Amino acid sequence: FRTVDELSAQYPKLDASRFVHVDVVDDGEKLATFGPASVDWICANHMLEHCENPLGTIRTHLDRLREGGWLFYALPERRLGFDAPRPVTSFEHLVAADCDGGVGSRHAHYLEWARLVNGISDPVAAEENARVNIERRYSIHFHVWDASAWLDFLARARDYLRDAFEVRHFEFTGNEIVCVLRKS
């Protein structure tokens, strides 16, 4: 939900000339630009791990889909990247995030990021890193899964969201997790 200029400022080490200009810039968790039942498919490639409230995001995505619409999700496999030292996100944690929009655990996520991803062992420095990143709204992986945890999440999310979708495809490609859901 950032323009190319905003992405360039947030990620100065990346080559901004390779960023894709898009027609719509929207908060992927809210999709306020689109009305209910207004689209046939949504592709969220490496986006859900950045959501503070993945269950709420999936609920919103399902709301924006027409009956029989499709969701394509891909996300990184925790063990294969910088998230490797982090614990898998529990479903119970995600239910709590759905109840408060993720606000209650925001600080803890940024602190975990500082400690386990940025490798800051000094508590004061980790706290400062977390504070700065919260202020910047720096986009971190709030939640992490491995392939088996994501499959479990999908099964439990389907129950939690009252059978609002069915899993039509699930695959661990070797470096990411891909799934296709269909609105029930």
# chains A, B, ... in the order shown; residues from 1 in each chain; ligands from 1

call {"tool": "select_by_dssp", "arguments": {"residues": "stretch 74-148 of chain A", "states": "alpha helix (DSSP H)", "output": "ChimeraX atom specification"}}
result
/A:91-100,106-112,123-136,147-148

call {"tool": "closest_atom_pairs", "arguments": {"of": "stretch 53-96 of chain A", "to": "stretch 162-174 of chain A", "cutoff": "10 Å", "atoms": "only C-alpha atoms", "output": "CSV"}}
result
residue,atom,partner,partner_atom,distance
A:Ile58,CA,A:Phe165,CA,9.7
A:Arg59,CA,A:Ala164,CA,8.4
A:Leu62,CA,A:Ala164,CA,7.5
A:Asp63,CA,A:Ala164,CA,9.5
A:Gly68,CA,A:Phe165,CA,9.0
A:Gly69,CA,A:Phe165,CA,9.4
A:Trp70,CA,A:Phe165,CA,9.1
A:Leu71,CA,A:Phe165,CA,9.2
A:Phe72,CA,A:His169,CA,9.3
A:Tyr73,CA,A:Phe170,CA,9.6
A:Ala74,CA,A:Glu171,CA,9.5
A:Leu75,CA,A:Phe172,CA,9.8
A:Pro76,CA,A:Phe172,CA,9.7
A:Glu77,CA,A:Phe172,CA,8.2
A:Leu80,CA,A:Gly174,CA,9.1

call {"tool": "write_last_selection", "arguments": {"atoms": "N, CA and C atoms", "output": "short mmCIF file (atom, residue, chain, number, x, y, z; two decimals), in the first residue's frame"}}
result
data_model
loop_
_atom_site.label_atom_id
_atom_site.label_comp_id
_atom_site.auth_asym_id
_atom_site.auth_seq_id
_atom_site.Cartn_x
_atom_site.Cartn_y
_atom_site.Cartn_z
N ILE A 58 -8.04 -11.98 5.34
CA ILE A 58 -8.70 -13.00 4.53
C ILE A 58 -10.20 -12.75 4.51
N ARG A 59 -10.78 -12.38 5.64
CA ARG A 59 -12.21 -12.06 5.70
C ARG A 59 -12.53 -10.92 4.73
N LEU A 62 -12.29 -12.13 1.12
CA LEU A 62 -13.48 -12.91 0.77
C LEU A 62 -14.68 -12.01 0.54
N ASP A 63 -14.80 -10.96 1.34
CA ASP A 63 -15.91 -10.02 1.17
C ASP A 63 -15.85 -9.32 -0.19
N GLY A 68 -17.83 -17.66 -5.71
CA GLY A 68 -16.97 -18.51 -6.52
C GLY A 68 -15.65 -17.86 -6.89
N GLY A 69 -15.36 -16.66 -6.34
CA GLY A 69 -14.11 -15.96 -6.64
C GLY A 69 -12.91 -16.68 -6.05
N TRP A 70 -11.74 -16.28 -6.52
CA TRP A 70 -10.50 -16.97 -6.19
C TRP A 70 -9.52 -16.08 -5.44
N LEU A 71 -8.83 -16.67 -4.47
CA LEU A 71 -7.74 -16.02 -3.76
C LEU A 71 -6.45 -16.80 -4.04
N PHE A 72 -5.41 -16.09 -4.41
CA PHE A 72 -4.10 -16.70 -4.59
C PHE A 72 -3.19 -16.09 -3.53
N TYR A 73 -2.64 -16.93 -2.69
CA TYR A 73 -1.71 -16.48 -1.66
C TYR A 73 -0.38 -17.22 -1.81
N ALA A 74 0.69 -16.47 -1.73
CA ALA A 74 2.03 -17.07 -1.64
C ALA A 74 2.73 -16.38 -0.48
N LEU A 75 3.49 -17.14 0.27
CA LEU A 75 4.22 -16.57 1.39
C LEU A 75 5.53 -17.32 1.59
N PRO A 76 6.49 -16.66 2.22
CA PRO A 76 7.78 -17.32 2.40
C PRO A 76 7.69 -18.44 3.44
N GLU A 77 8.48 -19.45 3.22
CA GLU A 77 8.61 -20.55 4.18
C GLU A 77 9.58 -20.08 5.26
N LEU A 80 13.46 -20.81 5.57
CA LEU A 80 14.38 -20.60 4.45
C LEU A 80 14.89 -19.18 4.29
#

call {"tool": "atom_distance", "arguments": {"atom1": "atom CA of A:Glu112", "atom2": "atom CA of A:Ile140"}}
result
10.4 Å

call {"tool": "closest_residue", "arguments": {"among": "A:Glu127, A:Trp145, A:Gln10, A:His46", "to": "A:Pro85", "atoms": "only C-alpha atoms"}}
result
A:Trp145

call {"tool": "residues_around", "arguments": {"residues": "A:Val144", "least_positions_apart": "5", "cutoff": "7 Å", "atoms": "only C-alpha atoms", "output": "ChimeraX atom specification"}}
result
/A:49,78,88-89

call {"tool": "write_last_selection", "arguments": {"atoms": "N, CA, C and O atoms", "output": "PDB file, in the first residue's frame"}}
result
ATOM      1  N   GLU A  49       2.068 -12.279   5.387  1.00  0.00           N
ATOM      2  CA  GLU A  49       3.001 -12.256   6.513  1.00  0.00           C
ATOM      3  C   GLU A  49       3.243 -10.831   7.014  1.00  0.00           C
ATOM      4  O   GLU A  49       3.672 -10.627   8.137  1.00  0.00           O
ATOM      5  N   ARG A  78       9.124 -19.999   6.472  1.00  0.00           N
ATOM      6  CA  ARG A  78       9.884 -19.431   7.586  1.00  0.00           C
ATOM      7  C   ARG A  78      11.313 -19.941   7.658  1.00  0.00           C
ATOM      8  O   ARG A  78      12.253 -19.175   7.877  1.00  0.00           O
ATOM      9  N   VAL A  88       7.097 -20.082  14.913  1.00  0.00           N
ATOM     10  CA  VAL A  88       5.888 -20.094  14.087  1.00  0.00           C
ATOM     11  C   VAL A  88       4.770 -19.397  14.862  1.00  0.00           C
ATOM     12  O   VAL A  88       4.632 -19.550  16.075  1.00  0.00           O
ATOM     13  N   THR A  89       3.965 -18.632  14.149  1.00  0.00           N
ATOM     14  CA  THR A  89       2.843 -17.927  14.767  1.00  0.00           C
ATOM     15  C   THR A  89       1.726 -18.916  15.089  1.00  0.00           C
ATOM     16  O   THR A  89       1.318 -19.686  14.222  1.00  0.00           O
TER      17      THR A  89
END

call {"tool": "residues_around", "arguments": {"residues": "A:His50", "least_positions_apart": "5", "cutoff": "12 Å", "atoms": "only C-alpha atoms", "output": "list in words"}}
result
Phe1, Asp27, Gly28, Glu29, Ala44, Asn45, Thr57, Ala74, Leu75, Pro76, Gly102, Arg106, His109, Tyr110, Arg137, Tyr138, Ser139, Ile140, His141, Phe142, His143, Val144 and Trp145 of chain A

call {"tool": "select_by_dssp", "arguments": {"residues": "stretch 31-171 of chain A", "states": "strand (DSSP E or B)", "output": "VMD selection string"}}
result
chain A and resid 39 to 45 65 to 76 165 to 171

call {"tool": "write_last_selection", "arguments": {"atoms": "N, CA, C and O atoms", "output": "tab-separated table (two decimals), in the first residue's frame"}}
result
chain	number	residue	atom	x	y	z
A	39	VAL	N	-14.92	-8.14	-7.27
A	39	VAL	CA	-13.82	-8.70	-8.06
A	39	VAL	C	-13.93	-10.21	-8.12
A	39	VAL	O	-14.56	-10.85	-7.27
A	40	ASP	N	-13.31	-10.77	-9.15
A	40	ASP	CA	-13.33	-12.22	-9.34
A	40	ASP	C	-12.14	-12.93	-8.71
A	40	ASP	O	-12.24	-14.11	-8.39
A	41	TRP	N	-11.02	-12.23	-8.59
A	41	TRP	CA	-9.86	-12.86	-7.96
A	41	TRP	C	-8.97	-11.81	-7.32
A	41	TRP	O	-8.97	-10.65	-7.73
A	42	ILE	N	-8.25	-12.27	-6.32
A	42	ILE	CA	-7.29	-11.44	-5.60
A	42	ILE	C	-5.99	-12.23	-5.49
A	42	ILE	O	-6.01	-13.41	-5.10
A	43	CYS	N	-4.91	-11.59	-5.83
A	43	CYS	CA	-3.58	-12.19	-5.71
A	43	CYS	C	-2.83	-11.42	-4.64
A	43	CYS	O	-2.64	-10.20	-4.76
A	44	ALA	N	-2.44	-12.09	-3.59
A	44	ALA	CA	-1.66	-11.48	-2.51
A	44	ALA	C	-0.36	-12.26	-2.38
A	44	ALA	O	-0.27	-13.23	-1.64
A	45	ASN	N	0.62	-11.84	-3.15
A	45	ASN	CA	1.90	-12.53	-3.22
A	45	ASN	C	2.86	-11.94	-2.18
A	45	ASN	O	3.20	-10.77	-2.27
A	65	LEU	N	-14.66	-10.52	-2.93
A	65	LEU	CA	-14.85	-11.48	-4.03
A	65	LEU	C	-16.32	-11.73	-4.33
A	65	LEU	O	-17.15	-11.80	-3.42
A	66	ARG	N	-16.61	-11.92	-5.60
A	66	ARG	CA	-17.93	-12.41	-6.00
A	66	ARG	C	-18.02	-13.89	-5.61
A	66	ARG	O	-17.01	-14.54	-5.37
A	67	GLU	N	-19.22	-14.43	-5.57
A	67	GLU	CA	-19.40	-15.86	-5.29
A	67	GLU	C	-18.54	-16.68	-6.24
A	67	GLU	O	-18.50	-16.40	-7.44
A	68	GLY	N	-17.83	-17.66	-5.71
A	68	GLY	CA	-16.97	-18.51	-6.52
A	68	GLY	C	-15.65	-17.86	-6.89
A	68	GLY	O	-14.88	-18.43	-7.65
A	69	GLY	N	-15.36	-16.66	-6.34
A	69	GLY	CA	-14.11	-15.96	-6.64
A	69	GLY	C	-12.91	-16.68	-6.05
A	69	GLY	O	-13.03	-17.55	-5.19
A	70	TRP	N	-11.74	-16.28	-6.52
A	70	TRP	CA	-10.50	-16.97	-6.19
A	70	TRP	C	-9.52	-16.08	-5.44
A	70	TRP	O	-9.38	-14.90	-5.76
A	71	LEU	N	-8.83	-16.67	-4.47
A	71	LEU	CA	-7.74	-16.02	-3.76
A	71	LEU	C	-6.45	-16.80	-4.04
A	71	LEU	O	-6.43	-18.03	-3.92
A	72	PHE	N	-5.41	-16.09	-4.41
A	72	PHE	CA	-4.10	-16.70	-4.59
A	72	PHE	C	-3.19	-16.09	-3.53
A	72	PHE	O	-3.02	-14.87	-3.48
A	73	TYR	N	-2.64	-16.93	-2.69
A	73	TYR	CA	-1.71	-16.48	-1.66
A	73	TYR	C	-0.38	-17.22	-1.81
A	73	TYR	O	-0.36	-18.44	-1.99
A	74	ALA	N	0.69	-16.47	-1.73
A	74	ALA	CA	2.03	-17.07	-1.64
A	74	ALA	C	2.73	-16.38	-0.48
A	74	ALA	O	2.54	-15.18	-0.26
A	75	LEU	N	3.49	-17.14	0.27
A	75	LEU	CA	4.22	-16.57	1.39
A	75	LEU	C	5.53	-17.32	1.59
A	75	LEU	O	5.65	-18.47	1.16
A	76	PRO	N	6.49	-16.66	2.22
A	76	PRO	CA	7.78	-17.32	2.40
A	76	PRO	C	7.69	-18.44	3.44
A	76	PRO	O	6.91	-18.36	4.38
A	165	PHE	N	-14.54	-20.39	2.65
A	165	PHE	CA	-13.69	-20.72	1.51
A	165	PHE	C	-13.35	-22.20	1.55
A	165	PHE	O	-13.52	-22.88	2.56
A	166	GLU	N	-12.87	-22.67	0.42
A	166	GLU	CA	-12.33	-24.02	0.35
A	166	GLU	C	-10.92	-23.92	-0.24
A	166	GLU	O	-10.64	-23.04	-1.05
A	167	VAL	N	-10.05	-24.79	0.23
A	167	VAL	CA	-8.69	-24.83	-0.28
A	167	VAL	C	-8.71	-25.67	-1.55
A	167	VAL	O	-9.04	-26.84	-1.52
A	168	ARG	N	-8.36	-25.05	-2.67
A	168	ARG	CA	-8.37	-25.75	-3.95
A	168	ARG	C	-6.98	-26.20	-4.38
A	168	ARG	O	-6.84	-27.09	-5.21
A	169	HIS	N	-5.95	-25.55	-3.83
A	169	HIS	CA	-4.58	-25.95	-4.16
A	169	HIS	C	-3.68	-25.54	-3.00
A	169	HIS	O	-3.83	-24.47	-2.43
A	170	PHE	N	-2.75	-26.42	-2.67
A	170	PHE	CA	-1.74	-26.13	-1.65
A	170	PHE	C	-0.44	-26.76	-2.12
A	170	PHE	O	-0.42	-27.92	-2.51
A	171	GLU	N	0.64	-25.98	-2.07
A	171	GLU	CA	1.92	-26.49	-2.54
A	171	GLU	C	3.07	-25.79	-1.83
A	171	GLU	O	3.04	-24.57	-1.66

call {"tool": "atom_distance", "arguments": {"atom1": "atom CA of A:Ala16", "atom2": "atom CA of A:Phe82"}}
result
22.1 Å

call {"tool": "closest_residue", "arguments": {"among": "A:Gly81, A:Ala108, A:Ala96, A:Arg136", "to": "A:Glu6", "atoms": "only C-alpha atoms"}}
result
A:Arg136

call {"tool": "residues_around", "arguments": {"residues": "A:Phe19", "least_positions_apart": "2", "cutoff": "10 Å", "atoms": "only C-alpha atoms", "output": "MDAnalysis selection string"}}
result
chainID A and resid 3:5 7:8 14:17 21:22

call {"tool": "write_last_selection", "arguments": {"atoms": "N, CA and C atoms", "output": "PDB file, in the first residue's frame"}}
result
ATOM      1  N   THR A   3       3.301   3.846  -2.638  1.00  0.00           N
ATOM      2  CA  THR A   3       3.667   4.239  -3.992  1.00  0.00           C
ATOM      3  C   THR A   3       5.128   3.878  -4.229  1.00  0.00           C
ATOM      4  N   VAL A   4       5.566   3.967  -5.472  1.00  0.00           N
ATOM      5  CA  VAL A   4       6.958   3.681  -5.802  1.00  0.00           C
ATOM      6  C   VAL A   4       7.884   4.624  -5.039  1.00  0.00           C
ATOM      7  N   ASP A   5       7.529   5.900  -4.936  1.00  0.00           N
ATOM      8  CA  ASP A   5       8.364   6.847  -4.186  1.00  0.00           C
ATOM      9  C   ASP A   5       8.452   6.464  -2.714  1.00  0.00           C
ATOM     10  N   LEU A   7       8.070   3.426  -1.459  1.00  0.00           N
ATOM     11  CA  LEU A   7       8.872   2.204  -1.373  1.00  0.00           C
ATOM     12  C   LEU A   7      10.359   2.518  -1.506  1.00  0.00           C
ATOM     13  N   SER A   8      10.701   3.429  -2.400  1.00  0.00           N
ATOM     14  CA  SER A   8      12.105   3.822  -2.582  1.00  0.00           C
ATOM     15  C   SER A   8      12.677   4.405  -1.298  1.00  0.00           C
ATOM     16  N   LEU A  14      17.245  -1.087  -2.459  1.00  0.00           N
ATOM     17  CA  LEU A  14      16.665  -1.745  -3.628  1.00  0.00           C
ATOM     18  C   LEU A  14      16.675  -0.818  -4.839  1.00  0.00           C
ATOM     19  N   ASP A  15      16.742  -1.387  -6.021  1.00  0.00           N
ATOM     20  CA  ASP A  15      16.753  -0.632  -7.265  1.00  0.00           C
ATOM     21  C   ASP A  15      15.324  -0.212  -7.606  1.00  0.00           C
ATOM     22  N   ALA A  16      15.012   1.051  -7.357  1.00  0.00           N
ATOM     23  CA  ALA A  16      13.651   1.562  -7.562  1.00  0.00           C
ATOM     24  C   ALA A  16      13.215   1.495  -9.019  1.00  0.00           C
ATOM     25  N   SER A  17      14.149   1.447  -9.943  1.00  0.00           N
ATOM     26  CA  SER A  17      13.761   1.371 -11.356  1.00  0.00           C
ATOM     27  C   SER A  17      13.088   0.039 -11.680  1.00  0.00           C
ATOM     28  N   HIS A  21       4.959   0.161 -11.337  1.00  0.00           N
ATOM     29  CA  HIS A  21       3.929   1.173 -11.093  1.00  0.00           C
ATOM     30  C   HIS A  21       2.571   0.501 -11.262  1.00  0.00           C
ATOM     31  N   VAL A  22       1.679   0.757 -10.339  1.00  0.00           N
ATOM     32  CA  VAL A  22       0.366   0.106 -10.364  1.00  0.00           C
ATOM     33  C   VAL A  22      -0.739   1.150 -10.480  1.00  0.00           C
TER      34      VAL A  22
END

call {"tool": "atom_distance", "arguments": {"atom1": "atom CA of A:Arg64", "atom2": "atom CA of A:Asp159"}}
result
19.5 Å

call {"tool": "decode", "arguments": {"residues": "stretch 54-68 of chain A", "atoms": "all heavy atoms", "output": "short mmCIF file (atom, residue, chain, number, x, y, z; two decimals), in the first residue's frame"}}
result
data_model
loop_
_atom_site.label_atom_id
_atom_site.label_comp_id
_atom_site.auth_asym_id
_atom_site.auth_seq_id
_atom_site.Cartn_x
_atom_site.Cartn_y
_atom_site.Cartn_z
N PRO A 54 -4.00 -11.31 9.84
CA PRO A 54 -4.24 -12.14 8.66
C PRO A 54 -5.67 -12.69 8.55
O PRO A 54 -6.22 -12.75 7.45
CB PRO A 54 -3.23 -13.28 8.81
CG PRO A 54 -2.15 -12.71 9.65
CD PRO A 54 -2.84 -11.78 10.60
N LEU A 55 -6.27 -13.07 9.67
CA LEU A 55 -7.65 -13.57 9.60
C LEU A 55 -8.60 -12.47 9.12
O LEU A 55 -9.48 -12.72 8.28
CB LEU A 55 -8.10 -14.11 10.96
CG LEU A 55 -7.47 -15.44 11.37
CD1 LEU A 55 -7.71 -15.70 12.85
CD2 LEU A 55 -8.01 -16.58 10.52
N GLY A 56 -8.44 -11.28 9.63
CA GLY A 56 -9.26 -10.16 9.19
C GLY A 56 -9.01 -9.83 7.72
O GLY A 56 -9.94 -9.46 6.99
N THR A 57 -7.76 -9.96 7.30
CA THR A 57 -7.42 -9.70 5.90
C THR A 57 -8.10 -10.71 4.99
O THR A 57 -8.69 -10.34 3.97
CB THR A 57 -5.89 -9.74 5.71
OG1 THR A 57 -5.31 -8.72 6.54
CG2 THR A 57 -5.51 -9.51 4.26
N ILE A 58 -8.04 -11.98 5.34
CA ILE A 58 -8.70 -13.00 4.53
C ILE A 58 -10.20 -12.75 4.51
O ILE A 58 -10.85 -12.87 3.46
CB ILE A 58 -8.35 -14.42 5.04
CG1 ILE A 58 -6.87 -14.70 4.81
CG2 ILE A 58 -9.22 -15.47 4.35
CD1 ILE A 58 -6.36 -15.97 5.46
N ARG A 59 -10.78 -12.38 5.64
CA ARG A 59 -12.21 -12.06 5.70
C ARG A 59 -12.53 -10.92 4.73
O ARG A 59 -13.51 -10.99 3.98
CB ARG A 59 -12.62 -11.68 7.12
CG ARG A 59 -14.10 -11.43 7.28
CD ARG A 59 -14.50 -10.94 8.67
NE ARG A 59 -14.13 -11.89 9.72
CZ ARG A 59 -13.12 -11.73 10.58
NH1 ARG A 59 -12.38 -10.64 10.54
NH2 ARG A 59 -12.87 -12.63 11.50
N THR A 60 -11.71 -9.88 4.74
CA THR A 60 -11.92 -8.75 3.84
C THR A 60 -11.79 -9.20 2.38
O THR A 60 -12.61 -8.83 1.53
CB THR A 60 -10.91 -7.62 4.13
OG1 THR A 60 -11.16 -7.13 5.45
CG2 THR A 60 -11.02 -6.49 3.13
N HIS A 61 -10.76 -9.98 2.09
CA HIS A 61 -10.58 -10.46 0.72
C HIS A 61 -11.80 -11.26 0.26
O HIS A 61 -12.28 -11.07 -0.86
CB HIS A 61 -9.32 -11.30 0.61
CG HIS A 61 -8.06 -10.50 0.74
ND1 HIS A 61 -6.82 -11.07 0.73
CD2 HIS A 61 -7.84 -9.16 0.90
CE1 HIS A 61 -5.89 -10.12 0.86
NE2 HIS A 61 -6.50 -8.96 0.97
N LEU A 62 -12.29 -12.13 1.12
CA LEU A 62 -13.48 -12.91 0.77
C LEU A 62 -14.68 -12.01 0.54
O LEU A 62 -15.50 -12.25 -0.36
CB LEU A 62 -13.77 -13.95 1.86
CG LEU A 62 -12.76 -15.10 1.96
CD1 LEU A 62 -12.94 -15.84 3.27
CD2 LEU A 62 -12.90 -16.04 0.76
N ASP A 63 -14.80 -10.96 1.34
CA ASP A 63 -15.91 -10.02 1.17
C ASP A 63 -15.85 -9.32 -0.19
O ASP A 63 -16.90 -9.06 -0.79
CB ASP A 63 -15.88 -8.97 2.29
CG ASP A 63 -16.96 -7.92 2.10
OD1 ASP A 63 -18.15 -8.26 2.29
OD2 ASP A 63 -16.62 -6.78 1.74
N ARG A 64 -14.66 -9.01 -0.67
CA ARG A 64 -14.52 -8.30 -1.94
C ARG A 64 -14.74 -9.22 -3.15
O ARG A 64 -14.97 -8.74 -4.25
CB ARG A 64 -13.15 -7.64 -2.06
CG ARG A 64 -12.84 -6.60 -1.00
CD ARG A 64 -13.95 -5.56 -0.83
NE ARG A 64 -13.57 -4.49 0.06
CZ ARG A 64 -13.84 -4.44 1.35
NH1 ARG A 64 -14.49 -5.44 1.95
NH2 ARG A 64 -13.47 -3.42 2.08
N LEU A 65 -14.66 -10.52 -2.93
CA LEU A 65 -14.85 -11.48 -4.03
C LEU A 65 -16.32 -11.73 -4.33
O LEU A 65 -17.15 -11.80 -3.42
CB LEU A 65 -14.21 -12.82 -3.69
CG LEU A 65 -12.70 -12.91 -3.68
CD1 LEU A 65 -12.28 -14.30 -3.22
CD2 LEU A 65 -12.13 -12.59 -5.04
N ARG A 66 -16.61 -11.92 -5.60
CA ARG A 66 -17.93 -12.41 -6.00
C ARG A 66 -18.02 -13.89 -5.61
O ARG A 66 -17.01 -14.54 -5.37
CB ARG A 66 -18.10 -12.26 -7.51
CG ARG A 66 -18.16 -10.82 -7.97
CD ARG A 66 -18.37 -10.73 -9.49
NE ARG A 66 -18.35 -9.35 -9.89
CZ ARG A 66 -17.31 -8.75 -10.48
NH1 ARG A 66 -16.21 -9.43 -10.75
NH2 ARG A 66 -17.38 -7.48 -10.81
N GLU A 67 -19.22 -14.43 -5.57
CA GLU A 67 -19.40 -15.86 -5.29
C GLU A 67 -18.54 -16.68 -6.24
O GLU A 67 -18.50 -16.40 -7.44
CB GLU A 67 -20.86 -16.28 -5.43
CG GLU A 67 -21.73 -15.90 -4.26
CD GLU A 67 -21.26 -16.47 -2.94
OE1 GLU A 67 -20.93 -17.67 -2.85
OE2 GLU A 67 -21.21 -15.69 -1.96
N GLY A 68 -17.83 -17.66 -5.71
CA GLY A 68 -16.97 -18.51 -6.52
C GLY A 68 -15.65 -17.86 -6.89
O GLY A 68 -14.88 -18.43 -7.65
#
